[in-house]
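Source file: query.cif; contents: mmCIF, C-alpha atoms.
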data_model
#
loop_
_atom_site.label_atom_id
_atom_site.label_comp_id
_atom_site.auth_asym_id
_atom_site.auth_seq_id
_atom_site.Cartn_x
_atom_site.Cartn_y
_atom_site.Cartn_z
CA MET A 1 119.95 117.07 124.86
CA THR A 2 122.07 114.28 123.40
CA SER A 3 122.66 110.69 124.39
CA SER A 4 125.81 111.63 126.35
CA GLU A 5 123.66 113.59 128.81
CA PRO A 6 121.21 112.23 131.39
CA ILE A 7 117.98 111.15 129.83
CA GLN A 8 115.84 112.54 132.67
CA THR A 9 115.92 115.10 135.46
CA GLU A 10 113.57 115.14 138.41
CA GLN A 11 112.37 118.63 137.54
CA SER A 12 111.87 118.03 133.83
CA PRO A 13 109.97 114.94 132.71
CA ILE A 14 110.83 113.67 129.25
CA LEU A 15 108.18 114.74 126.73
CA ALA A 16 109.83 113.48 123.55
CA CYS A 17 112.66 111.35 122.27
CA THR A 18 114.57 111.24 119.04
CA ILE A 19 115.15 107.68 117.86
CA CYS A 20 117.78 107.11 115.20
CA ARG A 21 120.91 105.20 114.27
CA ASP A 22 123.12 108.21 115.07
CA VAL A 23 121.64 111.53 116.16
CA GLN A 24 124.74 113.35 114.93
CA ASN A 25 123.54 112.63 111.39
CA PHE A 26 120.58 114.90 112.12
CA GLU A 27 122.22 117.98 113.62
CA LEU A 28 119.42 120.32 112.55
CA LEU A 29 116.94 118.10 114.36
CA ILE A 30 118.97 118.49 117.56
CA VAL A 31 118.76 122.27 117.26
CA ASP A 32 115.01 122.23 116.64
CA MET A 33 114.35 119.82 119.51
CA GLU A 34 116.30 122.03 121.93
CA GLU A 35 114.48 125.15 120.75
CA ALA A 36 111.08 123.50 121.08
CA LEU A 37 111.53 121.41 124.26
CA GLY A 38 114.59 122.70 126.06
CA GLU A 39 115.80 119.91 128.36
CA GLN A 40 112.64 117.84 128.12
CA TRP A 41 113.78 115.48 125.42
CA GLY A 42 116.21 112.59 125.03
CA ASP A 43 117.90 110.50 122.37
CA LEU A 44 117.74 106.75 121.90
CA GLY A 45 119.10 104.20 119.47
CA PHE A 46 116.76 101.81 117.65
CA GLU A 47 117.55 98.94 120.02
CA ASP A 48 116.83 101.05 123.13
CA ALA A 49 113.53 102.56 122.01
CA ILE A 50 111.06 99.85 123.01
CA PRO A 51 112.75 99.01 126.38
CA PHE A 52 112.67 102.72 127.31
CA MET A 53 108.95 103.04 126.48
CA GLU A 54 108.33 100.26 129.02
CA GLN A 55 110.07 102.21 131.82
CA PRO A 56 108.33 104.59 134.30
CA GLU A 57 110.48 107.43 132.92
CA ALA A 58 108.43 107.28 129.71
CA ALA A 59 105.13 107.99 131.48
CA HIS A 60 105.03 111.60 130.22
CA LEU A 61 106.29 110.82 126.71
CA GLU A 62 104.11 112.65 124.14
CA PHE A 63 105.87 111.77 120.90
CA ILE A 64 108.92 110.15 119.38
CA ALA A 65 110.84 111.62 116.45
CA LEU A 66 111.90 108.62 114.37
CA ALA A 67 114.74 109.93 112.20
CA ILE A 68 115.86 107.72 109.30
CA ASP A 69 117.82 107.90 106.07
CA ASP A 70 118.37 105.60 103.11
CA MET A 71 120.70 103.35 105.12
CA ASP A 72 117.81 102.42 107.42
CA GLU A 73 115.50 101.11 104.68
CA ASP A 74 116.77 97.57 105.14
CA ASN A 75 115.56 97.79 108.74
CA LEU A 76 111.87 98.46 108.14
CA ALA A 77 110.73 95.59 110.36
CA GLU A 78 112.49 97.07 113.41
CA LEU A 79 111.15 100.54 112.61
CA THR A 80 107.63 99.13 112.29
CA ASN A 81 107.96 97.48 115.72
CA ILE A 82 108.95 100.82 117.27
CA ILE A 83 105.97 102.57 115.70
CA SER A 84 103.62 99.83 116.87
CA ALA A 85 104.99 99.97 120.43
CA ALA A 86 104.48 103.74 120.50
CA ARG A 87 100.95 103.48 119.15
CA GLU A 88 100.02 100.91 121.81
CA ARG A 89 101.05 103.45 124.47
CA ASN A 90 99.27 106.40 122.79
CA ILE A 91 102.60 107.98 121.91
CA ARG A 92 102.56 109.80 118.59
CA THR A 93 105.26 109.08 116.01
CA LEU A 94 106.85 111.87 114.00
CA LEU A 95 108.68 110.45 110.99
CA ILE A 96 111.72 112.48 109.86
CA ALA A 97 113.30 111.10 106.70
CA GLU A 98 116.18 111.95 104.37
CA ASP A 99 116.66 110.24 100.98
CA VAL A 100 114.07 107.56 101.80
CA THR A 101 112.03 106.05 98.96
CA PRO A 102 108.31 106.83 98.75
CA ALA A 103 107.52 103.11 99.10
CA SER A 104 109.24 102.95 102.50
CA LEU A 105 107.57 106.16 103.68
CA HIS A 106 104.20 104.83 102.57
CA HIS A 107 104.81 101.58 104.48
CA LEU A 108 105.76 103.33 107.72
CA LEU A 109 102.84 105.76 107.53
CA ARG A 110 100.46 102.88 106.92
CA GLN A 111 101.90 101.13 109.98
CA GLY A 112 100.89 104.03 112.22
CA ALA A 113 103.34 106.94 111.93
CA ASN A 114 101.31 110.10 112.56
CA GLU A 115 103.31 112.84 110.85
CA PHE A 116 106.07 113.15 108.26
CA ILE A 117 108.67 115.91 107.89
CA PRO A 118 111.48 115.76 105.31
CA TYR A 119 115.03 116.34 106.48
CA PRO A 120 116.50 118.99 106.52
CA LEU A 121 113.49 120.27 108.41
CA PRO A 122 111.71 123.33 106.96
CA PRO A 123 112.06 126.32 109.34
CA GLY A 124 109.54 126.18 112.16
CA GLU A 125 107.96 122.94 110.93
CA LEU A 126 108.80 120.90 114.06
CA GLN A 127 107.25 123.56 116.29
CA ASN A 128 104.16 123.66 114.08
CA VAL A 129 103.71 119.89 114.43
CA ILE A 130 104.14 120.08 118.22
CA ASP A 131 101.63 122.94 118.44
CA LYS A 132 99.17 120.89 116.40
CA MET A 133 99.62 117.95 118.79
CA HIS A 134 98.85 120.18 121.78
CA ALA A 135 95.88 121.89 120.14
CA VAL A 136 92.46 120.86 121.34
CA GLU A 137 90.94 118.90 118.49
CA PRO A 138 87.28 119.78 117.76
CA GLU A 139 84.66 117.10 117.76
CA PRO A 140 84.62 115.54 114.31
CA GLU A 141 81.53 116.36 112.30
CA PRO A 142 79.41 113.36 111.44
CA VAL A 143 80.13 112.12 107.96
CA PRO A 144 76.95 112.20 105.90
CA GLN A 145 75.90 108.83 104.65
CA GLN A 146 76.15 108.48 100.89
CA ALA A 147 72.70 107.99 99.46
CA THR A 148 72.41 104.59 97.89
CA VAL A 149 70.79 103.91 94.55
CA SER A 150 67.53 102.01 94.75
CA LEU A 151 67.31 99.33 92.07
CA SER A 152 64.33 97.04 91.74
CA SER A 153 65.04 93.37 91.14
CA ALA A 154 61.54 92.98 89.71
CA ALA A 155 62.05 95.60 86.98
CA GLU A 156 62.20 94.43 83.39
CA SER A 157 65.72 94.19 82.01
CA ARG A 158 66.73 97.20 79.92
CA GLU A 159 69.50 95.31 78.07
CA GLY A 160 71.50 98.53 78.07
CA VAL A 161 74.06 99.55 75.47
CA LEU A 162 77.59 98.77 76.65
CA ILE A 163 80.29 101.27 75.64
CA ALA A 164 83.90 100.64 76.69
CA VAL A 165 86.79 103.11 76.56
CA GLN A 166 90.44 102.07 76.68
CA GLY A 167 93.56 104.18 76.22
CA LEU A 168 96.29 102.83 73.95
CA ALA A 169 98.84 104.87 75.89
CA GLY A 170 98.92 106.97 79.01
CA GLY A 171 97.38 110.42 78.77
CA THR A 172 95.36 109.81 75.62
CA GLY A 173 92.13 110.96 77.27
CA ALA A 174 90.34 107.66 77.89
CA THR A 175 88.91 108.63 81.28
CA THR A 176 88.07 112.13 80.07
CA LEU A 177 86.10 110.60 77.21
CA ALA A 178 84.38 108.00 79.41
CA VAL A 179 83.30 110.47 82.11
CA ASN A 180 82.10 113.19 79.74
CA LEU A 181 80.41 110.79 77.33
CA ALA A 182 78.50 109.31 80.27
CA TRP A 183 77.43 112.77 81.45
CA GLU A 184 76.40 113.90 77.97
CA LEU A 185 74.24 110.80 77.53
CA ALA A 186 72.70 111.23 80.99
CA THR A 187 71.69 114.83 80.17
CA ILE A 188 70.97 114.49 76.45
CA ASP A 189 67.23 115.05 76.84
CA LYS A 190 65.92 117.41 79.51
CA LYS A 191 62.53 115.71 79.58
CA ASN A 192 63.36 112.06 79.00
CA SER A 193 67.08 111.37 79.39
CA PRO A 194 68.26 107.76 79.35
CA THR A 195 69.61 106.15 82.50
CA VAL A 196 73.39 105.89 82.52
CA CYS A 197 75.83 103.94 84.71
CA LEU A 198 79.57 104.63 84.65
CA LEU A 199 81.85 101.75 85.77
CA ASP A 200 85.49 102.44 86.63
CA PHE A 201 87.22 99.13 85.92
CA ASP A 202 90.73 100.58 86.19
CA LEU A 203 90.91 98.89 89.59
CA GLN A 204 94.37 100.11 90.52
CA PHE A 205 94.69 103.69 89.30
CA GLY A 206 91.18 104.58 88.17
CA SER A 207 90.41 108.30 88.44
CA VAL A 208 86.69 108.53 87.66
CA SER A 209 86.09 109.40 91.32
CA THR A 210 88.56 112.29 91.01
CA PHE A 211 87.00 113.56 87.78
CA LEU A 212 83.57 113.67 89.47
CA ASP A 213 84.71 114.49 93.03
CA LEU A 214 83.21 111.33 94.47
CA PRO A 215 84.62 109.35 97.43
CA ARG A 216 85.97 105.86 96.86
CA GLN A 217 83.92 103.42 98.90
CA ASP A 218 84.66 99.96 100.27
CA ALA A 219 81.34 98.81 98.86
CA ALA A 220 82.84 99.03 95.37
CA PHE A 221 85.52 96.51 96.34
CA GLU A 222 82.96 94.19 97.91
CA VAL A 223 80.75 94.23 94.83
CA ILE A 224 83.42 93.33 92.30
CA THR A 225 85.09 90.66 94.45
CA ASP A 226 81.98 88.91 95.80
CA THR A 227 79.77 88.74 92.75
CA GLU A 228 78.23 85.39 93.64
CA ALA A 229 76.13 87.27 96.20
CA LEU A 230 75.49 90.20 93.84
CA ASP A 231 71.88 91.34 93.54
CA SER A 232 70.10 94.56 92.63
CA GLU A 233 70.15 95.84 96.21
CA SER A 234 73.87 95.29 96.84
CA PHE A 235 74.76 96.70 93.43
CA GLY A 236 72.72 99.83 94.12
CA GLN A 237 74.40 100.30 97.50
CA ALA A 238 77.81 100.34 95.81
CA LEU A 239 76.78 103.01 93.31
CA GLN A 240 77.01 106.75 93.87
CA THR A 241 74.90 109.45 92.31
CA TYR A 242 76.40 112.49 90.61
CA GLN A 243 74.07 115.50 90.30
CA GLU A 244 71.09 113.11 90.59
CA LYS A 245 71.58 112.15 86.94
CA LEU A 246 74.56 109.81 86.64
CA HIS A 247 75.21 106.65 88.66
CA VAL A 248 78.85 105.71 89.21
CA LEU A 249 80.77 102.69 90.45
CA THR A 250 84.19 104.04 91.41
CA SER A 251 87.39 102.03 91.63
CA PRO A 252 88.14 100.63 95.14
CA PRO A 253 89.84 102.81 97.79
CA ASP A 254 93.02 100.66 97.78
CA ILE A 255 95.12 99.31 94.96
CA ILE A 256 94.22 95.67 94.36
CA PRO A 257 95.75 93.00 92.11
CA MET A 258 94.11 92.98 88.70
CA ASP A 259 93.77 89.19 88.78
CA LEU A 260 91.77 89.39 92.02
CA VAL A 261 88.75 89.92 89.78
CA SER A 262 87.80 87.02 87.53
CA PRO A 263 86.08 87.09 84.13
CA GLU A 264 82.97 85.70 85.84
CA ASP A 265 82.99 88.62 88.30
CA VAL A 266 83.15 91.18 85.50
CA GLU A 267 80.47 89.38 83.52
CA ARG A 268 78.09 89.49 86.48
CA VAL A 269 78.72 93.17 87.25
CA VAL A 270 78.35 94.21 83.61
CA GLY A 271 75.22 92.09 83.26
CA MET A 272 73.70 93.66 86.38
CA ALA A 273 74.46 97.17 85.11
CA ARG A 274 73.00 96.47 81.65
CA ARG A 275 69.87 95.10 83.26
CA HIS A 276 69.12 98.37 85.07
CA TYR A 277 70.48 101.07 82.73
CA ASP A 278 70.01 102.24 79.15
CA TYR A 279 73.73 102.95 78.76
CA VAL A 280 76.67 101.42 80.61
CA ILE A 281 80.03 103.18 80.12
CA VAL A 282 83.12 101.22 81.20
CA ASP A 283 86.45 102.95 81.77
CA MET A 284 88.93 100.14 81.10
CA PRO A 285 92.51 99.79 82.40
CA SER A 286 95.23 100.53 79.87
CA THR A 287 96.56 97.00 80.29
CA LEU A 288 94.94 93.87 78.91
CA VAL A 289 93.77 91.51 81.66
CA GLN A 290 92.11 88.12 81.68
CA TRP A 291 88.66 89.68 81.77
CA SER A 292 89.22 92.22 78.95
CA GLU A 293 87.75 89.66 76.56
CA VAL A 294 84.48 89.65 78.53
CA VAL A 295 83.99 93.39 78.08
CA LEU A 296 85.08 93.32 74.44
CA ASN A 297 82.61 90.56 73.57
CA ALA A 298 79.75 92.26 75.40
CA ALA A 299 80.48 95.80 74.18
CA HIS A 300 78.40 97.37 71.44
CA VAL A 301 81.15 99.96 70.91
CA TYR A 302 84.74 99.74 72.14
CA PHE A 303 86.59 103.07 71.88
CA ALA A 304 90.41 103.02 71.80
CA THR A 305 91.94 106.46 72.38
CA MET A 306 95.28 107.41 70.81
CA GLU A 307 97.38 110.36 69.70
CA ILE A 308 99.62 111.17 66.73
CA ASP A 309 102.78 109.67 68.16
CA MET A 310 104.89 106.56 67.84
CA ARG A 311 103.81 104.97 71.13
CA SER A 312 100.13 105.08 70.13
CA ALA A 313 100.91 103.69 66.68
CA GLN A 314 102.97 100.82 68.05
CA ASN A 315 100.42 99.97 70.73
CA ALA A 316 97.57 100.08 68.21
CA MET A 317 99.40 97.58 66.03
CA ARG A 318 100.20 95.34 69.00
CA LEU A 319 96.57 95.40 70.18
CA LYS A 320 95.35 94.58 66.70
CA ARG A 321 97.70 91.59 66.45
CA ALA A 322 96.76 90.34 69.92
CA LEU A 323 93.04 90.43 69.23
CA GLN A 324 93.38 88.83 65.82
CA ALA A 325 95.61 86.08 67.22
CA GLU A 326 92.93 85.18 69.76
CA ASP A 327 90.15 85.46 67.17
CA LEU A 328 88.44 88.20 69.17
CA PRO A 329 86.03 90.74 67.61
CA PHE A 330 88.63 93.24 66.52
CA GLU A 331 86.08 95.00 64.33
CA LYS A 332 84.33 96.42 67.42
CA LEU A 333 87.22 98.78 68.07
CA ARG A 334 86.56 102.41 67.16
CA TYR A 335 89.76 104.42 67.20
CA VAL A 336 89.60 107.88 68.72
CA MET A 337 92.28 110.42 67.80
CA ASN A 338 92.76 112.68 70.81
CA ARG A 339 94.26 116.15 70.31
CA ALA A 340 93.50 115.77 66.62
CA PRO A 341 94.85 118.43 64.25
CA LYS A 342 92.63 121.40 63.52
CA PHE A 343 90.70 121.70 60.28
CA THR A 344 93.26 124.12 58.85
CA ASP A 345 96.26 121.94 59.85
CA LEU A 346 96.69 120.15 56.52
CA SER A 347 100.05 118.69 57.51
CA GLY A 348 98.60 117.20 60.69
CA LYS A 349 95.56 115.80 58.87
CA SER A 350 97.91 114.19 56.36
CA ARG A 351 99.87 112.55 59.19
CA VAL A 352 96.66 111.10 60.66
CA LYS A 353 95.71 109.70 57.24
CA ARG A 354 99.13 108.08 56.78
CA LEU A 355 98.96 106.64 60.29
CA SER A 356 95.55 105.14 59.59
CA GLU A 357 96.68 103.61 56.30
CA SER A 358 99.92 102.19 57.69
CA LEU A 359 98.09 100.50 60.59
CA GLY A 360 95.22 99.31 58.44
CA ILE A 361 92.65 100.86 60.75
CA SER A 362 89.93 103.47 60.48
CA ILE A 363 90.13 106.43 62.85
CA ASP A 364 86.46 107.26 63.26
CA VAL A 365 86.45 109.94 65.96
CA HIS A 366 88.62 113.07 66.04
CA LEU A 367 88.68 114.98 69.34
CA PRO A 368 90.27 118.45 69.40
CA ASP A 369 92.78 119.65 71.96
CA GLY A 370 90.79 121.34 74.69
CA GLY A 371 93.89 122.88 76.29
CA LYS A 372 94.54 123.54 79.97
CA PRO A 373 90.84 123.97 80.90
CA ILE A 374 90.37 120.21 80.48
CA ALA A 375 92.83 119.34 83.25
CA ALA A 376 91.43 122.16 85.39
CA ALA A 377 87.88 120.82 85.03
CA SER A 378 89.02 117.31 85.94
CA ASP A 379 90.88 118.57 89.02
CA HIS A 380 87.78 120.53 89.99
CA GLY A 381 85.70 117.36 89.79
CA GLU A 382 83.18 118.48 87.17
CA PRO A 383 82.24 117.32 83.68
CA LEU A 384 83.22 119.67 80.88
CA ALA A 385 79.58 120.54 80.25
CA LEU A 386 79.36 122.11 83.70
CA ASN A 387 82.84 123.62 83.90
CA VAL A 388 83.73 124.69 80.35
CA PRO A 389 80.59 124.14 78.24
CA LYS A 390 81.94 126.07 75.23
CA ASN A 391 85.23 124.19 75.07
CA PRO A 392 85.74 122.57 71.62
CA LEU A 393 86.46 119.16 73.19
CA ARG A 394 83.22 119.27 75.14
CA LYS A 395 81.28 120.16 71.99
CA GLU A 396 82.77 117.24 70.07
CA ILE A 397 82.02 114.74 72.86
CA SER A 398 78.47 116.09 72.97
CA LYS A 399 78.12 115.47 69.22
CA LEU A 400 79.42 111.93 69.72
CA ALA A 401 76.85 111.30 72.46
CA VAL A 402 74.05 112.59 70.23
CA SER A 403 75.10 110.35 67.34
CA LEU A 404 75.30 107.28 69.59
CA HIS A 405 71.89 107.99 71.11
CA GLU A 406 70.28 108.57 67.72
CA LEU A 407 71.78 105.32 66.43
CA ASP A 408 70.42 103.45 69.43
CA GLN A 409 66.97 105.01 68.97
CA SER A 410 66.90 104.10 65.30
CA ASP A 411 67.90 100.50 66.12
CA ASP A 412 65.06 100.30 68.66
CA LYS A 413 62.54 101.53 66.10
CA ALA A 414 63.83 99.08 63.51
CA ALA A 415 63.47 96.23 65.99
#

Would you put the structure from the file into structure tokens?
Amino acid sequence: MTSSEPIQTEQSPILACTICRDVQNFELLIVDMEEALGEQWGDLGFEDAIPFMEQPEAAHLEFIALAIDDMDEDNLAELTNIISAARERNIRTLLIAEDVTPASLHHLLRQGANEFIPYPLPPGELQNVIDKMHAVEPEPEPVPQQATVSLSSAAESREGVLIAVQGLAGGTGATTLAVNLAWELATIDKKNSPTVCLLDFDLQFGSVSTFLDLPRQDAAFEVITDTEALDSESFGQALQTYQEKLHVLTSPPDIIPMDLVSPEDVERVVGMARRHYDYVIVDMPSTLVQWSEVVLNAAHVYFATMEIDMRSAQNAMRLKRALQAEDLPFEKLRYVMNRAPKFTDLSGKSRVKRLSESLGISIDVHLPDGGKPIAAASDHGEPLALNVPKNPLRKEISKLAVSLHELDQSDDKAA
């Protein structure tokens, strides 16, 4: 049924409406609407949508199909108003889009659009969505409450070892190292393992929660943005427990500006974590922020992951210059070569040596390429020790954890 036909008959109440700039631009949608609803649908322009929803004829309206293309992206405010008006009347919004940017789709879905189908519509997809709307939804199961971590404010401070990990380029394995190093330390001794806390400070795109299959909680956002009220109880409530051995502060559920967190906020969170744990592992963002200096100064070890490529070499040099220019403790950096050449790859080992000499740095840790199982383990939400315990990368990270723990134990004895 198109706009040139009556929008309602006495026998057939209107159950749905397409809303678009010109319905003729979505001919396949017309066909699907007629197959699914027969005569019980109508077509409206953007300017007619809200006035129609206020009329008695819209009393039986179940959903609107808001069809847009790239020419409508300058009109997001009007589209948002239509979605809001439909939501206020308990009318579902089906978003049908062609050549629309992900940012615009994300905005409209956040404003209340219920479903999204790309145009041209996949065969049968419109009918599937309508069937899902008509299906009787089961009662939602109660969401189990995440057990909070109990931390005592009266306990003596542990003055834990702070280990930071930062990637010098994307995909150099910083989060993989941080997550698995934390797990290896937390399970290093079956009888008397140290306590370990993993902090995901990549506030925008941190993936520690994905690597450990943990939900992102609003409490994490509250802790890092309201540190003046931070105490042992509130910090423990923001932490999550993985396998009853590792405590984790995930990144917030939503992307937040990096400068929303001040150096004082980070200092308080790190100080609270060090007070209650033997080891605190921090997964840093790849970018330098105003509070990076706080973590660098407090860190006992600051790992910088890289690969044998030009981008890593250039970024390593730039980071070195930046830290030296600000008179920051550049010597704390321990460079980690990810996907390092094998023992028999003499050419590759020679390249690493030349890279180290040209940058004037020492590459202390060499991690082998673990192959596809590494990504599979991360997607599965398990540390390598649980998913692929015999993988060469897992074995090397385990050795690193042992050496760090032994060094810490020897320092304690010397003290």

Q: Run the PyMOL selection byres ((chain A and resi 186) around 9) mentally over the shown coordinates, then write out the matched residues as a ChimeraX atom specification, using the chain letters and numbers from the document.
A: /A:181-185,187-189,193-197,245-246,279

Please produce a file of those selected residues containing C-alpha atoms, as a PDB file, in the coordinates of the input.
ATOM      1  CA  LEU A 181      80.410 110.790  77.330  1.00  0.00           C
ATOM      2  CA  ALA A 182      78.500 109.310  80.270  1.00  0.00           C
ATOM      3  CA  TRP A 183      77.430 112.770  81.450  1.00  0.00           C
ATOM      4  CA  GLU A 184      76.400 113.900  77.970  1.00  0.00           C
ATOM      5  CA  LEU A 185      74.240 110.800  77.530  1.00  0.00           C
ATOM      6  CA  THR A 187      71.690 114.830  80.170  1.00  0.00           C
ATOM      7  CA  ILE A 188      70.970 114.490  76.450  1.00  0.00           C
ATOM      8  CA  ASP A 189      67.230 115.050  76.840  1.00  0.00           C
ATOM      9  CA  SER A 193      67.080 111.370  79.390  1.00  0.00           C
ATOM     10  CA  PRO A 194      68.260 107.760  79.350  1.00  0.00           C
ATOM     11  CA  THR A 195      69.610 106.150  82.500  1.00  0.00           C
ATOM     12  CA  VAL A 196      73.390 105.890  82.520  1.00  0.00           C
ATOM     13  CA  CYS A 197      75.830 103.940  84.710  1.00  0.00           C
ATOM     14  CA  LYS A 245      71.580 112.150  86.940  1.00  0.00           C
ATOM     15  CA  LEU A 246      74.560 109.810  86.640  1.00  0.00           C
ATOM     16  CA  TYR A 279      73.730 102.950  78.760  1.00  0.00           C
TER      17      TYR A 279
END

Q) Using all atoms listed in the file, which of A:Leu367, A:Asp278, A:Thr227, A:Phe343 sits nearest Asp265 (chain A)? A)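 Smallest distance to Asp265 (chain A) is found for A:Thr227.
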
Q) Could you spell out the hits of the PyMOL selection byres ((chain A and resi 251-258) around 8) on the shown file, as a ChimeraX atom specification? A) /A:200-209,216-221,249-250,259-261,289

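When CA of Ala304 (chain A) is paired with CA of Ser398 (chain A), their separation reads 17.7 Å.
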
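Those residues returned by the PyMOL selection byres ((chain A and resi 75-79) around 9) for this file are A:Phe46, A:Glu47, A:Leu66, A:Met71, A:Asp72, A:Glu73, A:Asp74, A:Thr80, A:Asn81, A:Ile82, A:Ile83, A:Ser84, A:Ser104, A:His107, A:Leu108.
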
**Q.** Point-to-point distance from CA of Leu109 (chain A) to CA of Pro123 (chain A), Å rounded to tenths
**A.**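 Computed distance, CA of Leu109 (chain A) to CA of Pro123 (chain A), equals 22.6 Å.
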
Q: Rank A:Ser410, A:Asp131, A:Leu288, A:Leu355 by their smallest atom-to-atom distance to Gln314 (chain A), using all atoms listed in the file, and report the top residue only.
A: A:Leu355

Provide an axis-aligned box for all listed atoms of region 47-61 of chain A, padding each side by 4 Å; report its centre and its edge lengths in Å to one decimal, as AutoDock Vina command-line options.
--center_x 111.3 --center_y 105.3 --center_z 127.2 --size_x 20.5 --size_y 20.7 --size_z 22.3

Contact residues around Asp99 (chain A) with all atoms listed in the file at 10 Å, ignoring same-chain residues under 3 positions, as a PDB file with C-alpha atoms, in the coordinates of the input:
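After the write, out-v6.pdb holds the following:
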ATOM      1  CA  ILE A  68     115.860 107.720 109.300  1.00  0.00           C
ATOM      2  CA  ASP A  69     117.820 107.900 106.070  1.00  0.00           C
ATOM      3  CA  ASP A  70     118.370 105.600 103.110  1.00  0.00           C
ATOM      4  CA  MET A  71     120.700 103.350 105.120  1.00  0.00           C
ATOM      5  CA  GLU A  73     115.500 101.110 104.680  1.00  0.00           C
ATOM      6  CA  PRO A 102     108.310 106.830  98.750  1.00  0.00           C
ATOM      7  CA  PRO A 118     111.480 115.760 105.310  1.00  0.00           C
ATOM      8  CA  TYR A 119     115.030 116.340 106.480  1.00  0.00           C
TER       9      TYR A 119
END

**Q.** Selection: 12 Å around Glu228 (chain A), only C-alpha atoms, excl. self and same-chain fewer than 2 positions, as number ranges by chain
**A.** A: 222-226, 230-231, 234-235, 262, 264-269, 272

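Atom pair CA of Ser350 (chain A) / CA of Ile308 (chain A): separated by 10.9 Å.
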
Q | Nearest candidate to Ala169 (chain A) (options A:Leu44, A:Ala113, A:Ala313, A:Leu239; using only C-alpha atoms) | A | A:Ala313

Q: Using only C-alpha atoms, pick whichever of A:Tyr242, A:Phe116, A:Phe303, A:Phe52 has the shortest atom-to-atom distance to Phe330 (chain A).
A: A:Phe303

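Proximity ranking of A:Ile91, A:Val280, A:Ile96, A:Ala36 relative to Tyr302 (chain A) places A:Val280 first, based on all atoms listed in the file.
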
**Q.** Long-range neighbours of Lys320 (chain A) as a count of residues only, 12 Å cut-off, only C-alpha atoms, 3 positions minimum in chain
**A.** 23

Q) With distances taken over all atoms listed in the file, which of A:Ala375, A:Glu54, A:Met337, A:Arg311 is nearest to Ser362 (chain A)? A) A:Met337
